[in-house]
$ cat coords-v7.cif   # mmCIF, C-alpha atoms
data_input
loop_
_atom_site.label_atom_id
_atom_site.label_comp_id
_atom_site.auth_asym_id
_atom_site.auth_seq_id
_atom_site.Cartn_x
_atom_site.Cartn_y
_atom_site.Cartn_z
CA MET A 1 16.12 -4.87 7.48
CA SER A 2 12.48 -5.13 6.37
CA ALA A 3 10.57 -6.64 9.26
CA ALA A 4 13.42 -6.72 11.77
CA LEU A 5 12.81 -3.25 13.17
CA PRO A 6 12.44 -3.26 16.94
CA PRO A 7 8.85 -2.72 18.05
CA SER A 8 8.30 0.80 19.31
CA PHE A 9 4.62 0.64 20.11
CA PRO A 10 3.99 1.38 23.78
CA MET A 11 7.32 2.89 24.74
CA PRO A 12 8.20 6.28 26.15
CA PRO A 13 9.76 8.52 23.50
CA ASP A 14 13.26 9.09 24.78
CA GLY A 15 13.48 6.38 27.42
CA PHE A 16 15.06 2.96 27.07
CA GLY A 17 13.43 0.35 24.88
CA PRO A 18 14.08 -3.34 25.58
CA SER A 19 16.82 -3.55 22.93
CA GLU A 20 18.55 -0.53 24.41
CA LEU A 21 18.47 -2.05 27.89
CA LEU A 22 19.82 -5.26 26.41
CA GLN A 23 22.72 -3.52 24.68
CA LEU A 24 23.68 -1.49 27.72
CA GLY A 25 23.38 -4.45 30.04
CA THR A 26 26.17 -6.44 28.37
CA GLY A 27 28.94 -4.63 30.24
CA ALA A 28 28.39 -4.94 34.00
CA GLU A 29 30.71 -2.00 34.61
CA GLU A 30 28.32 0.25 32.66
CA ASP A 31 25.36 -0.69 34.83
CA GLU A 32 25.26 2.55 36.82
CA PRO A 33 22.47 5.06 36.17
CA CYS A 34 24.78 7.98 35.27
CA LEU A 35 26.74 5.96 32.71
CA ARG A 36 23.55 4.59 31.19
CA ALA A 37 22.08 8.05 30.84
CA ASP A 38 25.34 9.16 29.27
CA ALA A 39 25.24 6.27 26.80
CA ALA A 40 21.65 7.12 25.89
CA ARG A 41 22.64 10.74 25.29
CA ASN A 42 25.49 9.68 23.02
CA ARG A 43 23.22 7.32 21.13
CA ALA A 44 20.64 10.07 20.63
CA ARG A 45 23.39 12.43 19.42
CA LEU A 46 24.52 9.88 16.82
CA LEU A 47 20.94 9.36 15.64
CA GLU A 48 20.31 13.10 15.34
CA ALA A 49 23.46 13.35 13.21
CA ALA A 50 22.32 10.41 11.06
CA GLY A 51 18.87 11.99 10.71
CA ARG A 52 20.40 15.24 9.44
CA LEU A 53 22.46 13.32 6.87
CA VAL A 54 19.41 11.41 5.56
CA ALA A 55 17.30 14.59 5.35
CA GLU A 56 20.05 16.35 3.41
CA HIS A 57 21.47 13.60 1.20
CA GLY A 58 19.07 10.64 1.30
CA ALA A 59 19.42 7.20 2.88
CA ALA A 60 21.73 5.95 0.12
CA ALA A 61 24.39 8.45 1.19
CA LEU A 62 24.28 7.34 4.82
CA THR A 63 27.47 5.55 5.88
CA MET A 64 28.92 4.76 9.29
CA GLU A 65 31.86 7.02 8.44
CA ALA A 66 29.63 9.97 7.51
CA VAL A 67 27.70 9.66 10.78
CA ALA A 68 30.96 9.59 12.76
CA ALA A 69 32.18 12.73 10.99
CA GLU A 70 28.86 14.54 11.42
CA ALA A 71 28.68 13.68 15.14
CA ARG A 72 32.45 14.30 15.60
CA VAL A 73 33.20 10.91 17.12
CA GLY A 74 35.44 8.03 16.05
CA LYS A 75 34.13 5.52 13.48
CA GLY A 76 34.50 2.75 16.07
CA THR A 77 31.93 4.42 18.32
CA VAL A 78 29.30 4.24 15.57
CA PHE A 79 30.09 0.59 14.82
CA ARG A 80 30.04 -0.35 18.52
CA ARG A 81 26.67 1.33 18.95
CA PHE A 82 24.79 0.08 15.86
CA GLY A 83 26.70 -2.98 14.62
CA ASP A 84 26.34 -2.16 10.92
CA ARG A 85 24.54 0.11 8.51
CA THR A 86 21.32 -1.94 8.65
CA GLY A 87 21.31 -1.59 12.43
CA LEU A 88 21.86 2.14 12.07
CA LEU A 89 18.95 2.53 9.62
CA ALA A 90 16.63 0.50 11.87
CA ALA A 91 17.62 2.55 14.92
CA LEU A 92 17.16 5.78 13.00
CA LEU A 93 13.65 4.90 11.88
CA ASP A 94 12.77 3.73 15.38
CA HIS A 95 14.11 6.97 16.85
CA SER A 96 12.03 9.06 14.45
CA GLU A 97 8.92 6.95 15.15
CA ARG A 98 9.30 7.46 18.88
CA LYS A 99 9.65 11.21 18.48
CA PHE A 100 6.48 11.24 16.38
CA GLN A 101 4.61 9.05 18.86
CA ALA A 102 5.69 11.34 21.71
CA ALA A 103 4.38 14.36 19.82
CA LEU A 104 1.01 12.61 19.38
CA LEU A 105 0.78 11.41 22.97
CA SER A 106 2.11 14.37 24.90
CA GLY A 107 3.23 17.13 22.54
CA PRO A 108 1.48 20.49 22.14
CA PRO A 109 -1.95 20.60 20.40
CA PRO A 110 -3.27 20.20 17.76
CA LEU A 111 -0.88 17.30 17.04
CA GLY A 112 -0.89 16.39 20.74
CA PRO A 113 -3.89 16.19 23.08
CA GLY A 114 -6.11 19.19 23.80
CA ALA A 115 -7.60 20.10 20.40
CA PRO A 116 -10.90 18.93 18.80
CA PRO A 117 -10.53 15.58 16.95
CA VAL A 118 -10.97 16.98 13.43
CA GLU A 119 -8.21 19.52 14.07
CA ARG A 120 -6.00 16.76 15.42
CA LEU A 121 -6.70 14.65 12.32
CA ARG A 122 -5.66 17.56 10.10
CA ALA A 123 -2.47 18.11 12.08
CA PHE A 124 -1.67 14.38 12.12
CA GLY A 125 -1.63 14.09 8.33
CA CYS A 126 0.28 17.31 7.75
CA ALA A 127 2.96 16.27 10.27
CA LEU A 128 3.21 12.73 8.91
CA LEU A 129 3.43 14.02 5.33
CA ARG A 130 6.26 16.33 6.32
CA ARG A 131 8.07 13.53 8.13
CA SER A 132 7.55 11.07 5.28
CA ILE A 133 8.83 13.51 2.68
CA ASP A 134 11.94 14.14 4.81
CA GLU A 135 12.55 10.42 5.40
CA LEU A 136 11.16 8.94 2.20
CA ASP A 137 14.30 6.96 1.35
CA LEU A 138 14.49 5.54 4.81
CA GLN A 139 10.85 4.49 4.94
CA LEU A 140 10.94 2.90 1.48
CA ALA A 141 14.07 0.92 2.37
CA ALA A 142 12.38 -0.35 5.54
CA GLU A 143 8.99 -1.21 4.02
CA PRO A 144 7.90 -4.68 5.14
CA SER A 145 6.52 -7.27 2.70
CA ALA A 146 2.82 -7.24 1.72
CA GLU A 147 1.93 -9.87 4.33
CA ARG A 148 3.58 -7.99 7.19
CA ARG A 149 2.98 -4.41 6.12
CA HIS A 150 -0.17 -3.93 8.15
CA THR A 151 0.99 -5.68 11.31
CA ALA A 152 4.22 -3.71 11.93
CA ALA A 153 4.13 -2.09 15.37
CA PRO A 154 4.67 1.56 14.32
CA ARG A 155 1.82 1.27 11.85
CA ARG A 156 -0.47 -0.27 14.46
CA PHE A 157 0.25 2.67 16.73
CA LEU A 158 -0.67 5.21 14.04
CA LEU A 159 -3.82 3.26 13.12
CA GLY A 160 -4.88 3.09 16.75
CA HIS A 161 -4.33 6.81 17.14
CA LEU A 162 -6.37 7.60 14.02
CA ALA A 163 -9.18 5.22 15.06
CA LEU A 164 -9.37 6.97 18.43
CA LEU A 165 -9.75 10.40 16.83
CA LEU A 166 -12.21 9.04 14.26
CA ARG A 167 -14.42 7.46 16.90
CA GLU A 168 -14.83 10.94 18.36
CA ALA A 169 -15.10 12.82 15.09
CA VAL A 170 -17.25 10.29 13.19
CA PRO A 171 -19.31 8.35 15.75
CA ASP A 172 -21.47 6.85 12.97
CA GLY A 173 -18.52 5.61 10.87
CA ASP A 174 -16.48 2.40 10.88
CA SER A 175 -13.48 3.99 12.57
CA GLU A 176 -11.26 0.95 12.00
CA LEU A 177 -11.78 0.89 8.23
CA LEU A 178 -11.65 4.68 7.96
CA SER A 179 -8.33 4.74 9.84
CA HIS A 180 -6.85 2.43 7.19
CA THR A 181 -8.14 4.73 4.46
CA LEU A 182 -6.63 7.84 6.05
CA LEU A 183 -3.29 6.15 6.73
CA ALA A 184 -3.16 4.81 3.16
CA TYR A 185 -3.17 8.42 1.92
CA LEU A 186 0.05 8.93 3.91
CA ASP A 187 1.75 5.73 2.71
CA ALA A 188 5.45 6.21 1.92
CA ALA A 189 5.31 4.33 -1.41
CA LEU A 190 2.37 6.49 -2.55
CA ILE A 191 4.03 9.73 -1.45
CA HIS A 192 7.16 8.67 -3.31
CA HIS A 193 5.12 7.96 -6.44
CA LEU A 194 3.20 11.24 -6.31
CA THR A 195 6.16 13.52 -5.51
CA ALA A 196 9.17 11.85 -7.15
CA GLN A 197 7.48 10.04 -10.07
CA CYS A 198 4.54 12.36 -10.84
CA GLY A 199 6.13 15.64 -9.70
CA LEU A 200 3.24 16.75 -7.47
CA PRO A 201 4.31 19.52 -5.06
CA PRO A 202 4.08 18.56 -1.35
CA GLU A 203 1.65 21.47 -0.88
CA ARG A 204 -0.89 19.72 -3.09
CA LEU A 205 -0.64 16.57 -0.97
CA ARG A 206 -1.20 18.71 2.13
CA THR A 207 -4.29 20.34 0.61
CA GLY A 208 -5.52 16.90 -0.46
CA TRP A 209 -5.17 15.63 3.10
CA LEU A 210 -7.20 18.51 4.55
CA ASP A 211 -9.86 17.89 1.90
CA LEU A 212 -9.94 14.16 2.66
CA VAL A 213 -10.33 14.78 6.41
CA ALA A 214 -13.20 17.17 5.67
CA ARG A 215 -14.96 14.62 3.46
CA VAL A 216 -14.44 11.67 5.79
CA THR A 217 -15.66 13.66 8.81
CA ARG A 218 -18.33 15.44 6.76
CA THR A 219 -17.08 18.82 7.97
CA ASP A 220 -16.20 22.01 6.13
CA PRO A 221 -12.76 22.11 4.54
CA ALA A 222 -10.14 23.90 6.66
CA VAL A 223 -9.17 27.34 5.42
CA MET B 1 6.93 -12.62 -11.50
CA SER B 2 6.61 -9.25 -9.75
CA ALA B 3 6.99 -6.57 -12.40
CA ALA B 4 7.20 -8.85 -15.44
CA LEU B 5 3.47 -9.04 -16.07
CA PRO B 6 2.54 -8.11 -19.61
CA PRO B 7 0.85 -4.70 -19.80
CA SER B 8 -2.88 -4.97 -20.30
CA PHE B 9 -3.78 -1.31 -20.30
CA PRO B 10 -5.44 -0.32 -23.57
CA MET B 11 -6.24 -3.72 -25.04
CA PRO B 12 -9.55 -5.26 -26.01
CA PRO B 13 -10.71 -7.78 -23.40
CA ASP B 14 -10.75 -11.02 -25.31
CA GLY B 15 -8.72 -10.03 -28.33
CA PHE B 16 -5.03 -10.67 -28.94
CA GLY B 17 -2.49 -8.79 -26.88
CA PRO B 18 1.01 -8.27 -28.32
CA SER B 19 2.44 -11.23 -26.40
CA GLU B 20 -0.29 -13.49 -27.74
CA LEU B 21 0.38 -12.35 -31.31
CA LEU B 22 4.06 -12.96 -30.75
CA GLN B 23 3.51 -16.48 -29.48
CA LEU B 24 1.16 -17.43 -32.26
CA GLY B 25 3.35 -15.85 -34.89
CA THR B 26 6.31 -18.16 -34.25
CA GLY B 27 4.90 -20.97 -36.40
CA ALA B 28 4.12 -19.74 -39.91
CA GLU B 29 1.77 -22.68 -40.50
CA GLU B 30 -0.46 -21.39 -37.66
CA ASP B 31 -0.82 -17.97 -39.18
CA GLU B 32 -4.34 -18.49 -40.52
CA PRO B 33 -7.26 -16.71 -38.83
CA CYS B 34 -9.23 -19.86 -37.99
CA LEU B 35 -6.25 -21.56 -36.32
CA ARG B 36 -5.40 -18.40 -34.41
CA ALA B 37 -8.97 -18.08 -33.13
CA ASP B 38 -8.84 -21.73 -32.14
CA ALA B 39 -5.58 -21.22 -30.23
CA ALA B 40 -7.05 -18.23 -28.43
CA ARG B 41 -10.10 -20.26 -27.42
CA ASN B 42 -7.87 -23.02 -26.06
CA ARG B 43 -5.80 -20.52 -24.15
CA ALA B 44 -8.92 -18.96 -22.65
CA ARG B 45 -10.18 -22.40 -21.67
CA LEU B 46 -6.92 -23.19 -19.85
CA LEU B 47 -7.04 -19.85 -18.05
CA GLU B 48 -10.65 -20.35 -16.96
CA ALA B 49 -9.64 -23.75 -15.56
CA ALA B 50 -6.67 -22.20 -13.74
CA GLY B 51 -8.93 -19.44 -12.37
CA ARG B 52 -11.33 -22.01 -10.94
CA LEU B 53 -8.43 -23.82 -9.25
CA VAL B 54 -7.10 -20.61 -7.65
CA ALA B 55 -10.55 -19.56 -6.45
CA GLU B 56 -11.11 -22.97 -4.86
CA HIS B 57 -7.67 -23.90 -3.52
CA GLY B 58 -5.49 -20.75 -3.60
CA ALA B 59 -2.51 -19.86 -5.79
CA ALA B 60 -0.15 -22.12 -3.85
CA ALA B 61 -2.08 -25.19 -5.03
CA LEU B 62 -1.89 -24.19 -8.69
CA THR B 63 0.34 -26.51 -10.71
CA MET B 64 0.68 -27.11 -14.44
CA GLU B 65 -0.55 -30.67 -13.87
CA ALA B 66 -3.68 -29.55 -12.00
CA VAL B 67 -4.58 -27.10 -14.78
CA ALA B 68 -4.16 -29.83 -17.40
CA ALA B 69 -6.42 -32.18 -15.41
CA GLU B 70 -9.04 -29.47 -14.79
CA ALA B 71 -9.12 -28.47 -18.47
CA ARG B 72 -8.89 -32.12 -19.64
CA VAL B 73 -5.84 -31.63 -21.85
CA GLY B 74 -2.35 -33.09 -21.78
CA LYS B 75 0.27 -31.57 -19.46
CA GLY B 76 2.40 -30.71 -22.50
CA THR B 77 -0.31 -28.39 -23.82
CA VAL B 78 -0.16 -26.30 -20.64
CA PHE B 79 3.66 -26.12 -20.73
CA ARG B 80 3.69 -25.20 -24.44
CA ARG B 81 1.18 -22.44 -23.83
CA PHE B 82 2.61 -20.80 -20.68
CA GLY B 83 6.23 -21.96 -20.41
CA ASP B 84 6.20 -22.43 -16.64
CA ARG B 85 4.16 -21.76 -13.52
CA THR B 86 5.28 -18.13 -13.34
CA GLY B 87 4.11 -17.62 -16.91
CA LEU B 88 0.80 -19.25 -16.04
CA LEU B 89 0.27 -17.00 -12.99
CA ALA B 90 1.12 -13.87 -15.00
CA ALA B 91 -1.25 -14.91 -17.80
CA LEU B 92 -3.99 -15.68 -15.29
CA LEU B 93 -3.76 -12.29 -13.60
CA ASP B 94 -3.65 -10.58 -16.99
CA HIS B 95 -6.71 -12.52 -18.14
CA SER B 96 -8.66 -11.55 -15.03
CA GLU B 97 -7.60 -7.90 -15.38
CA ARG B 98 -8.80 -7.81 -18.97
CA LYS B 99 -12.17 -9.27 -18.03
CA PHE B 100 -12.54 -6.63 -15.31
CA GLN B 101 -11.47 -3.83 -17.66
CA ALA B 102 -13.97 -5.05 -20.25
CA ALA B 103 -16.74 -4.99 -17.64
CA LEU B 104 -15.84 -1.37 -16.78
CA LEU B 105 -15.54 -0.23 -20.37
CA SER B 106 -18.43 -2.02 -22.05
CA GLY B 107 -20.24 -4.25 -19.55
CA PRO B 108 -23.76 -3.65 -18.24
CA PRO B 109 -24.36 -0.73 -15.79
CA PRO B 110 -23.73 0.19 -13.04
CA LEU B 111 -20.23 -1.34 -13.35
CA GLY B 112 -20.19 -0.48 -17.05
CA PRO B 113 -21.27 2.81 -18.67
CA GLY B 114 -24.82 4.15 -18.40
CA ALA B 115 -25.30 4.74 -14.65
CA PRO B 116 -24.67 7.92 -12.60
CA PRO B 117 -21.02 8.24 -11.44
CA VAL B 118 -21.69 7.66 -7.72
CA GLU B 119 -23.52 4.43 -8.52
CA ARG B 120 -20.65 3.37 -10.75
CA LEU B 121 -18.17 4.13 -7.96
CA ARG B 122 -20.16 1.94 -5.58
CA ALA B 123 -20.32 -0.91 -8.08
CA PHE B 124 -16.61 -0.57 -8.90
CA GLY B 125 -15.50 -1.15 -5.31
CA CYS B 126 -17.92 -3.98 -4.66
CA ALA B 127 -16.83 -5.78 -7.83
CA LEU B 128 -13.12 -5.22 -7.17
CA LEU B 129 -13.49 -6.39 -3.55
CA ARG B 130 -15.18 -9.57 -4.75
CA ARG B 131 -12.48 -10.15 -7.35
CA SER B 132 -9.66 -9.43 -4.90
CA ILE B 133 -11.06 -11.77 -2.28
CA ASP B 134 -11.34 -14.53 -4.90
CA GLU B 135 -7.82 -13.92 -6.21
CA LEU B 136 -6.07 -12.70 -3.08
CA ASP B 137 -3.21 -15.21 -3.26
CA LEU B 138 -2.60 -14.43 -6.87
CA GLN B 139 -2.55 -10.67 -6.38
CA LEU B 140 -0.27 -10.86 -3.35
CA ALA B 141 2.18 -13.09 -5.23
CA ALA B 142 2.25 -10.62 -8.11
CA GLU B 143 2.56 -7.42 -6.05
CA PRO B 144 5.31 -5.20 -7.46
CA SER B 145 7.94 -3.55 -5.24
CA ALA B 146 7.20 -0.25 -3.49
CA GLU B 147 8.89 1.78 -6.24
CA ARG B 148 6.88 0.16 -9.04
CA ARG B 149 3.60 -0.49 -7.29
CA HIS B 150 1.92 2.68 -8.45
CA THR B 151 3.15 2.61 -12.03
CA ALA B 152 1.98 -0.90 -13.02
CA ALA B 153 -0.33 -0.73 -16.04
CA PRO B 154 -3.41 -2.46 -14.54
CA ARG B 155 -3.31 -0.10 -11.58
CA ARG B 156 -2.98 2.93 -13.85
CA PHE B 157 -6.09 1.78 -15.70
CA LEU B 158 -8.13 1.47 -12.49
CA LEU B 159 -6.87 4.85 -11.24
CA GLY B 160 -7.77 6.49 -14.52
CA HIS B 161 -11.23 4.97 -14.41
CA LEU B 162 -11.81 6.15 -10.83
CA ALA B 163 -10.49 9.64 -11.60
CA LEU B 164 -12.92 9.89 -14.52
CA LEU B 165 -15.91 8.97 -12.33
CA LEU B 166 -14.68 11.27 -9.54
CA ARG B 167 -14.33 14.25 -11.87
CA GLU B 168 -18.03 13.85 -12.61
CA ALA B 169 -19.16 13.03 -9.07
CA VAL B 170 -16.90 15.48 -7.20
CA PRO B 171 -16.15 18.39 -9.53
CA ASP B 172 -14.67 20.41 -6.63
CA GLY B 173 -12.32 17.65 -5.48
CA ASP B 174 -8.77 16.66 -6.46
CA SER B 175 -9.88 13.65 -8.47
CA GLU B 176 -6.33 12.35 -8.91
CA LEU B 177 -5.58 12.24 -5.18
CA LEU B 178 -9.06 10.96 -4.32
CA SER B 179 -8.69 8.14 -6.84
CA HIS B 180 -5.56 6.97 -5.00
CA THR B 181 -7.46 7.06 -1.71
CA LEU B 182 -10.35 5.00 -3.06
CA LEU B 183 -8.07 2.46 -4.73
CA ALA B 184 -6.00 2.13 -1.53
CA TYR B 185 -9.13 0.90 0.25
CA LEU B 186 -9.24 -1.94 -2.28
CA ASP B 187 -5.54 -2.83 -2.04
CA ALA B 188 -4.88 -6.59 -2.01
CA ALA B 189 -2.42 -6.45 0.91
CA LEU B 190 -4.94 -4.50 3.00
CA ILE B 191 -7.83 -6.83 2.13
CA HIS B 192 -5.62 -9.77 3.05
CA HIS B 193 -4.80 -8.16 6.40
CA LEU B 194 -8.39 -7.29 7.23
CA THR B 195 -9.96 -10.58 6.18
CA ALA B 196 -7.27 -13.22 6.83
CA GLN B 197 -5.36 -11.59 9.70
CA CYS B 198 -8.12 -9.63 11.49
CA GLY B 199 -11.05 -11.87 10.57
CA LEU B 200 -13.31 -9.11 9.25
CA PRO B 201 -16.18 -10.52 7.14
CA PRO B 202 -16.16 -9.42 3.47
CA GLU B 203 -19.61 -7.90 4.03
CA ARG B 204 -18.13 -5.36 6.43
CA LEU B 205 -15.55 -4.34 3.82
CA ARG B 206 -18.39 -3.91 1.32
CA THR B 207 -20.38 -1.73 3.71
CA GLY B 208 -17.21 0.25 4.45
CA TRP B 209 -16.69 0.87 0.73
CA LEU B 210 -20.25 2.21 0.26
CA ASP B 211 -19.74 4.46 3.29
CA LEU B 212 -16.41 5.73 1.96
CA VAL B 213 -17.91 6.54 -1.45
CA ALA B 214 -20.72 8.43 0.28
CA ARG B 215 -18.27 10.46 2.37
CA VAL B 216 -15.88 11.20 -0.48
CA THR B 217 -18.71 12.27 -2.80
CA ARG B 218 -20.63 13.95 0.07
CA THR B 219 -23.77 11.99 -0.83
CA ASP B 220 -26.15 9.92 1.28
CA PRO B 221 -25.03 6.39 2.07
CA ALA B 222 -26.52 3.76 -0.24
CA VAL B 223 -29.25 1.62 1.29
#
$ encode --input "coords-v7.cif" --output "structure tokens"
Amino acid sequence: MSAALPPSFPMPPDGFGPSELLQLGTGAEEDEPCLRADAARNRARLLEAAGRLVAEHGAAALTMEAVAAEARVGKGTVFRRFGDRTGLLAALLDHSERKFQAALLSGPPPLGPGAPPVERLRAFGCALLRRSIDELDLQLAAEPSAERRHTAAPRRFLLGHLALLLREAVPDGDSELLSHTLLAYLDAALIHHLTAQCGLPPERLRTGWLDLVARVTRTDPAV
Amino acid sequence: MSAALPPSFPMPPDGFGPSELLQLGTGAEEDEPCLRADAARNRARLLEAAGRLVAEHGAAALTMEAVAAEARVGKGTVFRRFGDRTGLLAALLDHSERKFQAALLSGPPPLGPGAPPVERLRAFGCALLRRSIDELDLQLAAEPSAERRHTAAPRRFLLGHLALLLREAVPDGDSELLSHTLLAYLDAALIHHLTAQCGLPPERLRTGWLDLVARVTRTDPAV
């Protein structure tokens, strides 16, 4: 599934992406607003169930059957909706990315708008660390190849968001290069190495993030 | 060739690694010191020729035939020495890593010992950037998978070196986490993205490195 994830860059969080519209548009009899909203709700319910399974048991344990059982629907419904397990994993990651993007764009501060940029930088890393630790399996399985890693749409969104905050917080810095540095700290493969292979507690990664933001912005460390 | 590179962690730069000893040890008649030194010199000469080819034409253009022509030896000599192209690429990367390690451990300051830690950090990044830009193809081709990326021996060496300098330069920081952050700035896939895909000039990456070192160590930017 590496680079085949649907782009989720400039889309509204819980609305219809192009692929969703495409899927729903195949049956002309489903083309009424109420049925489409219903289908979207069902899809979201399946993805929430899949998300719970991954958080509890890891991506390896995720099967179409387990999702059906968790969401209390027939197996056929899951297959009709996502095609196969790869489609389910891609949709799950996309769903989680959209939720995160929505929190950045319109959620409550300091993750969302309305707080000073340094505070938003701190909140960004702590939230992304938490999400990455919850979804580590999923993110590792979906990691694109070296050539494509930096051009994937979800990553571009996060980089753009960081660069925006950095331009405000560090007007004299190269916000583009600094955004890569900050995002690299939150890279799934690195988090996996530090937590699973080196045994570092997530709390140390969180403290390290706050320290890094302080150094990069030349501010005092958060207490 | 991903994770099959021979470890080059604690070895002397131009001495014999275990794999070299193994290769030379197969013929008992070659087991005399003068012949072994001669074989090592020939091997180094082939690798220098291969390095020039990669720097000029990229890893894709590297063939056993081209190395033989560049080093003015028969094609058979190159095949006997490296087995195949994958073996040649692995040996080439290993050779370059050893040269870099030797420069860090015993070369002239500020890359080598004898300069203040912040100056050594600056020199480290500038030298590694230069090397990565020269060998980008080679490093991308050899990049291990996400699970193994952070445990490869050459990377562990560079991390250990950075952590050592950071412990001196930033006694109040988490030198282990900061070393990952600094090394991430110098990651081959990122350099490839920024230079080849985004068109950033290498000079901007260099300036960005000096700025990052200044922020991380809370010192004044270098002039």
$ closest_residue --input "coords-v7.cif" --among "A:Glu48, A:Glu147, A:Glu97, A:Asp137" --to "chain B" --atoms "only C-alpha atoms"
A:Glu147
$ resolve_selection --input "coords-v7.cif" --expression "the PyMOL selection byres ((chain B) within 10 of (chain A))" --output "PyMOL selection string"
chain B and resi 140-141+143-151+173-178+180-190+192-194+197-198+204-205+207-209+211-219
$ atom_distance --input "coords-v7.cif" --atom1 "CA of Leu111 (chain A)" --atom2 "CA of Arg156 (chain A)"
17.8 Å
$ atom_distance --input "coords-v7.cif" --atom1 "CA of Val67 (chain A)" --atom2 "CA of Leu93 (chain A)"
14.9 Å
$ resolve_selection --input "coords-v7.cif" --expression "the PyMOL selection byres ((chain B and resi 49) around 10)" --output "ChimeraX atom specification"
/B:43-48,50-54,66-72,92
$ atom_distance --input "coords-v7.cif" --atom1 "CA of Leu158 (chain B)" --atom2 "CA of Asp220 (chain B)"
24.2 Å
